[in-house]
>>> print(open('coords.cif').read())   # mmCIF, C-alpha atoms
data_target
#
loop_
_atom_site.group_PDB
_atom_site.id
_atom_site.type_symbol
_atom_site.label_atom_id
_atom_site.label_comp_id
_atom_site.auth_asym_id
_atom_site.auth_seq_id
_atom_site.Cartn_x
_atom_site.Cartn_y
_atom_site.Cartn_z
ATOM 1 C CA MET A 113 127.286 124.389 139.818
ATOM 2 C CA ARG A 114 125.411 121.344 138.612
ATOM 3 C CA LYS A 115 124.824 121.468 134.854
ATOM 4 C CA ILE A 116 121.533 119.653 134.480
ATOM 5 C CA THR A 117 121.411 120.637 130.801
ATOM 6 C CA GLU A 118 124.556 118.553 130.200
ATOM 7 C CA GLU A 119 123.506 115.439 132.115
ATOM 8 C CA ASP A 120 122.984 112.117 130.330
ATOM 9 C CA SER A 121 119.647 111.529 128.663
ATOM 10 C CA LEU A 122 117.142 109.386 130.535
ATOM 11 C CA TYR A 123 116.966 107.237 127.394
ATOM 12 C CA ARG A 124 119.541 104.828 125.981
ATOM 13 C CA HIS A 125 120.230 103.407 122.531
ATOM 14 C CA LEU A 126 118.314 106.081 120.633
ATOM 15 C CA ASP A 127 119.911 104.807 117.431
ATOM 16 C CA LYS A 128 118.093 101.497 117.869
ATOM 17 C CA MET A 129 114.626 102.990 118.490
ATOM 18 C CA SER A 130 111.842 102.822 115.936
ATOM 19 C CA THR A 131 110.451 106.069 114.562
ATOM 20 C CA ARG A 132 107.382 105.760 116.809
ATOM 21 C CA GLU A 133 109.543 105.110 119.863
ATOM 22 C CA LEU A 134 111.617 108.204 119.110
ATOM 23 C CA LEU A 135 108.579 110.421 118.658
ATOM 24 C CA ASP A 136 106.759 109.102 121.732
ATOM 25 C CA SER A 137 109.861 109.529 123.882
ATOM 26 C CA ILE A 138 110.526 113.080 122.684
ATOM 27 C CA ASN A 139 106.889 113.964 123.310
ATOM 28 C CA THR A 140 107.050 112.482 126.810
ATOM 29 C CA GLU A 141 109.958 114.781 127.607
ATOM 30 C CA ASP A 142 108.299 117.797 125.981
ATOM 31 C CA GLN A 143 105.279 117.414 128.253
ATOM 32 C CA LYS A 144 107.519 118.208 131.224
ATOM 33 C CA VAL A 145 108.378 121.650 129.869
ATOM 34 C CA ALA A 146 105.086 123.475 130.456
ATOM 35 C CA LEU A 147 104.987 122.259 134.051
ATOM 36 C CA ALA A 148 108.537 123.474 134.624
ATOM 37 C CA VAL A 149 107.552 126.886 133.262
ATOM 38 C CA GLN A 150 104.468 126.939 135.496
ATOM 39 C CA ASN A 151 106.731 126.483 138.509
ATOM 40 C CA VAL A 152 108.647 129.694 137.737
ATOM 41 C CA ILE A 153 105.698 132.021 137.073
ATOM 42 C CA PRO A 154 106.327 133.707 140.460
ATOM 43 C CA ALA A 155 109.785 134.650 139.126
ATOM 44 C CA ILE A 156 108.470 135.817 135.738
ATOM 45 C CA ALA A 157 105.788 138.149 137.112
ATOM 46 C CA PRO A 158 108.033 140.768 138.770
ATOM 47 C CA LEU A 159 110.257 140.903 135.687
ATOM 48 C CA VAL A 160 107.221 141.588 133.493
ATOM 49 C CA ASP A 161 106.139 144.364 135.842
ATOM 50 C CA VAL A 162 109.510 146.128 135.876
ATOM 51 C CA ILE A 163 109.820 145.881 132.071
ATOM 52 C CA ALA A 164 106.366 147.377 131.624
ATOM 53 C CA GLN A 165 107.210 150.202 134.022
ATOM 54 C CA LYS A 166 110.503 150.960 132.274
ATOM 55 C CA MET A 167 108.991 150.830 128.789
ATOM 56 C CA ALA A 168 106.028 152.980 129.776
ATOM 57 C CA ALA A 169 108.576 155.603 130.798
ATOM 58 C CA GLY A 170 110.402 155.383 127.456
ATOM 59 C CA GLY A 171 112.821 152.524 128.085
ATOM 60 C CA ARG A 172 113.543 149.540 125.880
ATOM 61 C CA LEU A 173 113.851 145.763 126.286
ATOM 62 C CA PHE A 174 117.014 144.002 125.114
ATOM 63 C CA TYR A 175 117.663 140.272 124.780
ATOM 64 C CA ILE A 176 121.245 138.974 124.632
ATOM 65 C CA GLY A 177 122.190 135.383 123.882
ATOM 66 C CA ALA A 178 124.216 132.998 121.778
ATOM 67 C CA GLY A 179 123.340 130.060 119.539
ATOM 68 C CA THR A 180 119.799 128.764 119.929
ATOM 69 C CA SER A 181 119.140 131.099 122.861
ATOM 70 C CA GLY A 182 120.263 134.140 120.895
ATOM 71 C CA ARG A 183 118.121 133.163 117.943
ATOM 72 C CA LEU A 184 115.063 132.769 120.150
ATOM 73 C CA GLY A 185 115.582 136.264 121.528
ATOM 74 C CA ILE A 186 115.873 137.749 118.062
ATOM 75 C CA VAL A 187 112.752 135.921 116.895
ATOM 76 C CA ASP A 188 110.734 137.191 119.854
ATOM 77 C CA ALA A 189 111.962 140.757 119.368
ATOM 78 C CA SER A 190 111.286 140.687 115.630
ATOM 79 C CA GLU A 191 107.700 139.539 116.149
ATOM 80 C CA CYS A 192 106.726 142.434 118.436
ATOM 81 C CA PRO A 193 106.387 145.118 115.705
ATOM 82 C CA PRO A 194 104.068 143.146 113.388
ATOM 83 C CA THR A 195 102.031 141.682 116.243
ATOM 84 C CA PHE A 196 101.633 144.765 118.403
ATOM 85 C CA GLY A 197 102.410 147.617 116.013
ATOM 86 C CA VAL A 198 105.318 148.907 118.090
ATOM 87 C CA PRO A 199 108.548 150.446 116.742
ATOM 88 C CA HIS A 200 111.429 148.069 116.069
ATOM 89 C CA GLU A 201 113.449 149.999 118.638
ATOM 90 C CA TRP A 202 111.215 148.952 121.528
ATOM 91 C CA VAL A 203 112.394 145.326 121.757
ATOM 92 C CA ILE A 204 115.864 144.468 120.454
ATOM 93 C CA GLY A 205 117.450 141.028 120.168
ATOM 94 C CA LEU A 206 121.235 140.708 120.056
ATOM 95 C CA MET A 207 123.304 137.561 119.672
ATOM 96 C CA ALA A 208 126.960 136.694 119.754
ATOM 97 C CA GLY A 209 128.327 136.979 116.231
ATOM 98 C CA GLY A 210 125.656 139.394 115.006
ATOM 99 C CA ASP A 211 122.827 138.814 112.554
ATOM 100 C CA LYS A 212 124.932 136.506 110.372
ATOM 101 C CA ALA A 213 125.016 134.072 113.299
ATOM 102 C CA MET A 214 121.251 133.584 112.897
ATOM 103 C CA ARG A 215 121.929 131.193 110.022
ATOM 104 C CA LYS A 216 125.497 130.044 110.584
ATOM 105 C CA ALA A 217 127.446 129.737 113.818
ATOM 106 C CA VAL A 218 130.258 132.243 114.286
ATOM 107 C CA GLU A 219 133.131 130.403 115.925
ATOM 108 C CA PHE A 220 134.006 131.420 119.489
ATOM 109 C CA ALA A 221 131.796 134.542 119.369
ATOM 110 C CA GLU A 222 129.975 133.404 122.509
ATOM 111 C CA ASP A 223 133.312 133.202 124.363
ATOM 112 C CA ASP A 224 134.073 136.903 123.861
ATOM 113 C CA GLU A 225 133.398 138.432 127.271
ATOM 114 C CA ASP A 226 133.450 142.039 126.045
ATOM 115 C CA LEU A 227 131.314 141.603 122.943
ATOM 116 C CA ALA A 228 127.843 141.891 124.510
ATOM 117 C CA TRP A 229 128.574 145.270 126.063
ATOM 118 C CA LYS A 230 130.006 146.470 122.750
ATOM 119 C CA ASP A 231 126.819 145.330 121.004
ATOM 120 C CA LEU A 232 124.598 147.018 123.603
ATOM 121 C CA SER A 233 126.644 150.208 123.512
ATOM 122 C CA GLU A 234 125.837 150.632 119.828
ATOM 123 C CA TYR A 235 122.257 151.267 120.946
ATOM 124 C CA TYR A 236 123.313 153.820 123.587
ATOM 125 C CA ILE A 237 121.829 151.681 126.338
ATOM 126 C CA THR A 238 120.981 153.455 129.616
ATOM 127 C CA ASN A 239 119.520 152.606 133.002
ATOM 128 C CA GLU A 240 116.089 153.341 131.559
ATOM 129 C CA ASP A 241 116.348 150.016 129.697
ATOM 130 C CA VAL A 242 116.098 146.345 130.745
ATOM 131 C CA VAL A 243 118.409 143.558 129.560
ATOM 132 C CA ILE A 244 117.477 139.859 129.655
ATOM 133 C CA GLY A 245 120.216 137.295 129.146
ATOM 134 C CA ILE A 246 119.204 133.984 127.581
ATOM 135 C CA ALA A 247 121.403 130.885 127.933
ATOM 136 C CA ALA A 248 120.312 127.346 128.695
ATOM 137 C CA SER A 249 123.532 126.608 130.567
ATOM 138 C CA GLY A 250 123.674 129.944 132.364
ATOM 139 C CA THR A 251 127.410 130.035 131.761
ATOM 140 C CA THR A 252 127.837 131.559 128.277
ATOM 141 C CA PRO A 253 130.606 134.205 128.636
ATOM 142 C CA TYR A 254 128.993 136.602 126.130
ATOM 143 C CA VAL A 255 125.839 136.708 128.246
ATOM 144 C CA VAL A 256 127.334 136.431 131.731
ATOM 145 C CA ARG A 257 129.789 139.269 131.240
ATOM 146 C CA GLY A 258 127.180 141.340 129.414
ATOM 147 C CA LEU A 259 124.790 141.119 132.349
ATOM 148 C CA ALA A 260 127.557 141.824 134.839
ATOM 149 C CA LYS A 261 128.513 144.994 132.977
ATOM 150 C CA CYS A 262 124.884 146.089 132.708
ATOM 151 C CA ARG A 263 124.387 145.629 136.421
ATOM 152 C CA SER A 264 127.490 147.650 137.195
ATOM 153 C CA GLU A 265 125.978 150.454 135.117
ATOM 154 C CA GLY A 266 122.717 150.386 137.058
ATOM 155 C CA ILE A 267 120.730 148.680 134.301
ATOM 156 C CA VAL A 268 117.988 146.250 135.367
ATOM 157 C CA THR A 269 118.873 142.679 134.393
ATOM 158 C CA GLY A 270 116.991 139.424 134.078
ATOM 159 C CA CYS A 271 117.818 136.001 132.678
ATOM 160 C CA ILE A 272 116.277 132.798 131.390
ATOM 161 C CA THR A 273 118.323 129.677 132.114
ATOM 162 C CA CYS A 274 117.678 125.979 132.635
ATOM 163 C CA ASN A 275 120.257 125.362 135.368
ATOM 164 C CA LEU A 276 120.173 126.383 139.002
ATOM 165 C CA GLU A 277 122.611 128.796 140.664
ATOM 166 C CA SER A 278 124.392 129.738 137.440
ATOM 167 C CA PRO A 279 126.818 132.654 136.946
ATOM 168 C CA MET A 280 124.205 134.272 134.709
ATOM 169 C CA ALA A 281 121.599 134.167 137.466
ATOM 170 C CA ALA A 282 124.123 135.650 139.892
ATOM 171 C CA HIS A 283 124.297 138.775 137.716
ATOM 172 C CA SER A 284 120.513 139.044 137.277
ATOM 173 C CA ASP A 285 118.130 141.135 139.331
ATOM 174 C CA TYR A 286 115.312 138.890 138.123
ATOM 175 C CA PRO A 287 116.589 135.357 137.409
ATOM 176 C CA ILE A 288 114.238 132.822 135.826
ATOM 177 C CA GLU A 289 115.537 129.269 136.232
ATOM 178 C CA VAL A 290 113.411 126.764 134.313
ATOM 179 C CA VAL A 291 114.749 123.323 135.173
ATOM 180 C CA VAL A 292 113.478 120.923 132.527
ATOM 181 C CA GLY A 293 115.920 118.085 133.212
ATOM 182 C CA PRO A 294 118.313 116.272 130.873
ATOM 183 C CA GLU A 295 117.647 116.502 127.142
ATOM 184 C CA PHE A 296 116.415 113.551 125.072
ATOM 185 C CA VAL A 297 119.672 113.778 123.117
ATOM 186 C CA THR A 298 122.291 114.467 125.767
ATOM 187 C CA GLY A 299 123.240 118.142 125.823
ATOM 188 C CA SER A 300 120.984 119.172 122.920
ATOM 189 C CA SER A 301 119.562 122.236 124.625
ATOM 190 C CA ARG A 302 117.740 123.344 121.469
ATOM 191 C CA MET A 303 115.116 120.807 122.539
ATOM 192 C CA LYS A 304 113.451 121.067 125.973
ATOM 193 C CA ALA A 305 115.554 124.003 127.129
ATOM 194 C CA GLY A 306 114.871 125.880 123.896
ATOM 195 C CA THR A 307 111.158 125.160 124.167
ATOM 196 C CA ALA A 308 111.123 126.420 127.757
ATOM 197 C CA GLN A 309 112.944 129.607 126.779
ATOM 198 C CA LYS A 310 110.497 130.211 123.926
ATOM 199 C CA LEU A 311 107.512 129.769 126.242
ATOM 200 C CA VAL A 312 108.929 132.218 128.781
ATOM 201 C CA LEU A 313 109.764 134.767 126.075
ATOM 202 C CA ASN A 314 106.206 134.498 124.751
ATOM 203 C CA MET A 315 104.876 135.130 128.236
ATOM 204 C CA ILE A 316 107.148 138.103 128.891
ATOM 205 C CA SER A 317 106.707 140.015 125.631
ATOM 206 C CA THR A 318 102.973 139.328 125.333
ATOM 207 C CA SER A 319 102.231 140.286 128.924
ATOM 208 C CA VAL A 320 104.331 143.445 128.663
ATOM 209 C CA MET A 321 102.594 144.542 125.467
ATOM 210 C CA ILE A 322 99.172 143.928 126.998
ATOM 211 C CA LYS A 323 100.139 146.003 130.023
ATOM 212 C CA LEU A 324 101.317 148.755 127.658
ATOM 213 C CA GLY A 325 97.872 148.860 126.057
ATOM 214 C CA ARG A 326 98.755 147.187 122.761
ATOM 215 C CA VAL A 327 95.870 144.708 123.089
ATOM 216 C CA VAL A 328 92.209 145.644 123.561
ATOM 217 C CA ASP A 329 89.993 142.923 125.036
ATOM 218 C CA ASN A 330 91.737 139.956 123.394
ATOM 219 C CA LYS A 331 92.502 141.534 120.018
ATOM 220 C CA MET A 332 95.741 142.720 118.364
ATOM 221 C CA VAL A 333 94.289 146.099 117.449
ATOM 222 C CA ASP A 334 97.672 147.567 116.465
ATOM 223 C CA MET A 335 98.973 144.687 114.334
ATOM 224 C CA GLN A 336 100.663 145.592 111.076
ATOM 225 C CA LEU A 337 98.529 144.940 107.996
ATOM 226 C CA SER A 338 101.366 143.257 106.148
ATOM 227 C CA ASN A 339 99.487 140.563 104.224
ATOM 228 C CA ASN A 340 96.008 139.600 103.047
ATOM 229 C CA LYS A 341 95.406 137.273 105.984
ATOM 230 C CA LEU A 342 96.009 140.068 108.479
ATOM 231 C CA VAL A 343 93.894 142.532 106.491
ATOM 232 C CA ASP A 344 91.072 139.988 106.543
ATOM 233 C CA ARG A 345 91.503 139.443 110.296
ATOM 234 C CA GLY A 346 91.524 143.184 110.922
ATOM 235 C CA THR A 347 88.484 143.718 108.729
ATOM 236 C CA LYS A 348 86.489 141.207 110.741
ATOM 237 C CA MET A 349 87.538 142.936 113.978
ATOM 238 C CA VAL A 350 86.300 146.249 112.598
ATOM 239 C CA MET A 351 83.053 144.639 111.424
ATOM 240 C CA LYS A 352 82.400 143.198 114.877
ATOM 241 C CA GLU A 353 82.966 146.511 116.642
ATOM 242 C CA THR A 354 81.222 148.804 114.166
ATOM 243 C CA GLY A 355 78.517 146.736 112.490
ATOM 244 C CA LEU A 356 79.840 147.690 109.047
ATOM 245 C CA VAL A 357 79.664 145.267 106.130
ATOM 246 C CA TYR A 358 82.878 143.574 105.024
ATOM 247 C CA GLU A 359 83.922 145.794 102.115
ATOM 248 C CA THR A 360 83.151 149.018 103.975
ATOM 249 C CA ALA A 361 85.030 147.814 107.056
ATOM 250 C CA LYS A 362 87.980 146.751 104.926
ATOM 251 C CA GLN A 363 88.202 150.111 103.170
ATOM 252 C CA LEU A 364 87.997 151.950 106.483
ATOM 253 C CA LEU A 365 90.744 149.726 107.891
ATOM 254 C CA LEU A 366 93.039 150.327 104.927
ATOM 255 C CA ASP A 367 92.357 154.071 104.997
ATOM 256 C CA LYS A 368 93.164 154.403 108.715
ATOM 257 C CA GLY A 369 95.986 151.858 108.844
ATOM 258 C CA SER A 370 95.015 149.929 111.977
ATOM 259 C CA VAL A 371 92.064 148.297 113.685
ATOM 260 C CA ARG A 372 92.357 150.730 116.596
ATOM 261 C CA ALA A 373 92.336 153.797 114.352
ATOM 262 C CA ALA A 374 89.475 152.490 112.208
ATOM 263 C CA ILE A 375 87.248 151.778 115.211
ATOM 264 C CA ALA A 376 88.115 155.115 116.832
ATOM 265 C CA PHE A 377 87.298 157.017 113.633
ATOM 266 C CA HIS A 378 83.943 155.249 113.237
ATOM 267 C CA SER A 379 82.966 155.875 116.863
ATOM 268 C CA GLN A 380 83.490 159.614 116.397
ATOM 269 C CA ARG A 381 81.186 159.900 113.405
#
>>> encode(input="coords.cif", output="structure tokens")
Amino acid sequence: MRKITEEDSLYRHLDKMSTRELLDSINTEDQKVALAVQNVIPAIAPLVDVIAQKMAAGGRLFYIGAGTSGRLGIVDASECPPTFGVPHEWVIGLMAGGDKAMRKAVEFAEDDEDLAWKDLSEYYITNEDVVIGIAASGTTPYVVRGLAKCRSEGIVTGCITCNLESPMAAHSDYPIEVVVGPEFVTGSSRMKAGTAQKLVLNMISTSVMIKLGRVVDNKMVDMQLSNNKLVDRGTKMVMKETGLVYETAKQLLLDKGSVRAAIAFHSQR
């Protein structure tokens, strides 16, 4: 397969560029990412639909990856509970080397072909769940073998990669191949490839949660009230829907624990 993510940068002599030249050039490359993601929306849509169907029936969503890709999966999974008020067990991010690899690379963990299935097995994964592999190259052994094993067990698989016709895509029921071209710094897939993966993850998790009813109109009515900013945001949502003054709306929100519950309680009075 052709590894576009490893091809030489379109730019030369980066070490001789001025700061403005560096920033302008990076930005020029970044502008290509959203268009590349737009091109694969037809591949993203059916994956969103099957995830929503599985989760509505009690299934879970797993992300598996290594390095930057693994970290992006964990970040997306960790943001679902506070944003949408869902249990931590609904969306789970796993990466080669475990949680300690979030901050410091664990040598050769991504080359362990059996490790992903071991990690997934700790969560008693079943064919009610969905597993998405994330790897810019599409060749990371941890992810490739993990998806292959999942598929052999009848588990729905998807992937997010930035190369075409990769081994990872071959083991995915729903492959998403976002080709963003060579990186500004040759091979540094934390840049355009990482940005593309983040955009696709945002689209998947947000769309799934909306389809599961965790957003009403355009509001995060189930968000966790974990800081003053979010309490203030929630209070204003309650005010808008109920007509209550700020302090009354805030007290109702805190008493009921969520925007949804506060509005529902008020509407029943």
>>> resolve_selection(input="coords.cif", expression="the PyMOL selection byres ((chain A and resi 213-221) around 9)", output="ChimeraX atom specification")
/A:178-180,182-183,186,207-212,222-225,227,254
>>> resolve_selection(input="coords.cif", expression="the PyMOL selection byres ((chain A and resi 242) around 8)", output="list in words")
Ile163, Lys166, Gly171, Arg172, Leu173, Phe174, Asn239, Glu240, Asp241, Val243, Ile244, Ile267, Val268, Thr269 and Gly270 of chain A
>>> resolve_selection(input="coords.cif", expression="the PyMOL selection byres ((chain A and resi 146-149) around 9)", output="list of chain:residue names")
A:Asp142, A:Gln143, A:Lys144, A:Val145, A:Gln150, A:Asn151, A:Val152, A:Ile153, A:Glu289, A:Val290, A:Val291, A:Val292, A:Thr307, A:Ala308, A:Gln309, A:Leu311, A:Val312
>>> atom_distance(input="coords.cif", atom1="atom CA of A:Gln363", atom2="atom CA of A:Ser190")
27.9 Å
>>> residues_around(input="coords.cif", residues="A:Lys323", least_positions_apart="5", cutoff="9 Å", atoms="only C-alpha atoms", output="compact mmCIF listing (two decimals) with C-alpha atoms, in the coordinates of the input")
# COMPACT_ATOMS: atom_id res chain seq x y z
CA ASP A 161 106.14 144.36 135.84
CA ALA A 164 106.37 147.38 131.62
CA THR A 318 102.97 139.33 125.33
>>> residues_around(input="coords.cif", residues="stretch 353-357 of chain A", least_positions_apart="4", cutoff="9 Å", atoms="all atoms listed in the file", output="PyMOL selection string")
chain A and resi 348-349+361-362+375+378-379
>>> closest_residue(input="coords.cif", among="A:Val297, A:Cys274, A:Ala228, A:Ala189", to="A:Leu126", atoms="all atoms listed in the file")
A:Val297
>>> atom_distance(input="coords.cif", atom1="atom CA of A:Pro194", atom2="atom CA of A:Ile246")
22.7 Å
>>> closest_residue(input="coords.cif", among="A:Met321, A:Ala247, A:Ala169, A:Ile156", to="A:Gly197", atoms="all atoms listed in the file")
A:Met321
>>> atom_distance(input="coords.cif", atom1="atom CA of A:Gly299", atom2="atom CA of A:Lys261")
28.3 Å
>>> axis_aligned_box(input="coords.cif", around="stretch 288-303 of chain A", padding_each_side="8 Å", output="JSON")
{"center_x": 118.3, "center_y": 123.2, "center_z": 128.9, "size_x": 25.8, "size_y": 35.3, "size_z": 30.8}
>>> residues_around(input="coords.cif", residues="A:Asp334", least_positions_apart="6", cutoff="12 Å", atoms="all atoms listed in the file", output="list in words")
Cys192, Pro193, Pro194, Thr195, Phe196, Gly197, Val198, Pro199, Met321, Ile322, Leu324, Gly325, Arg326, Val327, Val328, Leu342, Val343, Arg345, Gly346, Met349, Leu365, Lys368, Gly369, Ser370, Val371, Arg372, Ala373, Ala374 and Ile375 of chain A
>>> write_last_selection(input="coords.cif", atoms="C-alpha atoms", output="compact mmCIF listing (two decimals), keeping the file's coordinate frame")
# COMPACT_ATOMS: atom_id res chain seq x y z
CA CYS A 192 106.73 142.43 118.44
CA PRO A 193 106.39 145.12 115.70
CA PRO A 194 104.07 143.15 113.39
CA THR A 195 102.03 141.68 116.24
CA PHE A 196 101.63 144.76 118.40
CA GLY A 197 102.41 147.62 116.01
CA VAL A 198 105.32 148.91 118.09
CA PRO A 199 108.55 150.45 116.74
CA MET A 321 102.59 144.54 125.47
CA ILE A 322 99.17 143.93 127.00
CA LEU A 324 101.32 148.76 127.66
CA GLY A 325 97.87 148.86 126.06
CA ARG A 326 98.76 147.19 122.76
CA VAL A 327 95.87 144.71 123.09
CA VAL A 328 92.21 145.64 123.56
CA LEU A 342 96.01 140.07 108.48
CA VAL A 343 93.89 142.53 106.49
CA ARG A 345 91.50 139.44 110.30
CA GLY A 346 91.52 143.18 110.92
CA MET A 349 87.54 142.94 113.98
CA LEU A 365 90.74 149.73 107.89
CA LYS A 368 93.16 154.40 108.72
CA GLY A 369 95.99 151.86 108.84
CA SER A 370 95.02 149.93 111.98
CA VAL A 371 92.06 148.30 113.68
CA ARG A 372 92.36 150.73 116.60
CA ALA A 373 92.34 153.80 114.35
CA ALA A 374 89.48 152.49 112.21
CA ILE A 375 87.25 151.78 115.21
>>> closest_residue(input="coords.cif", among="A:Phe296, A:Tyr286, A:Tyr236, A:Tyr358", to="A:Asn139", atoms="only C-alpha atoms")
A:Phe296
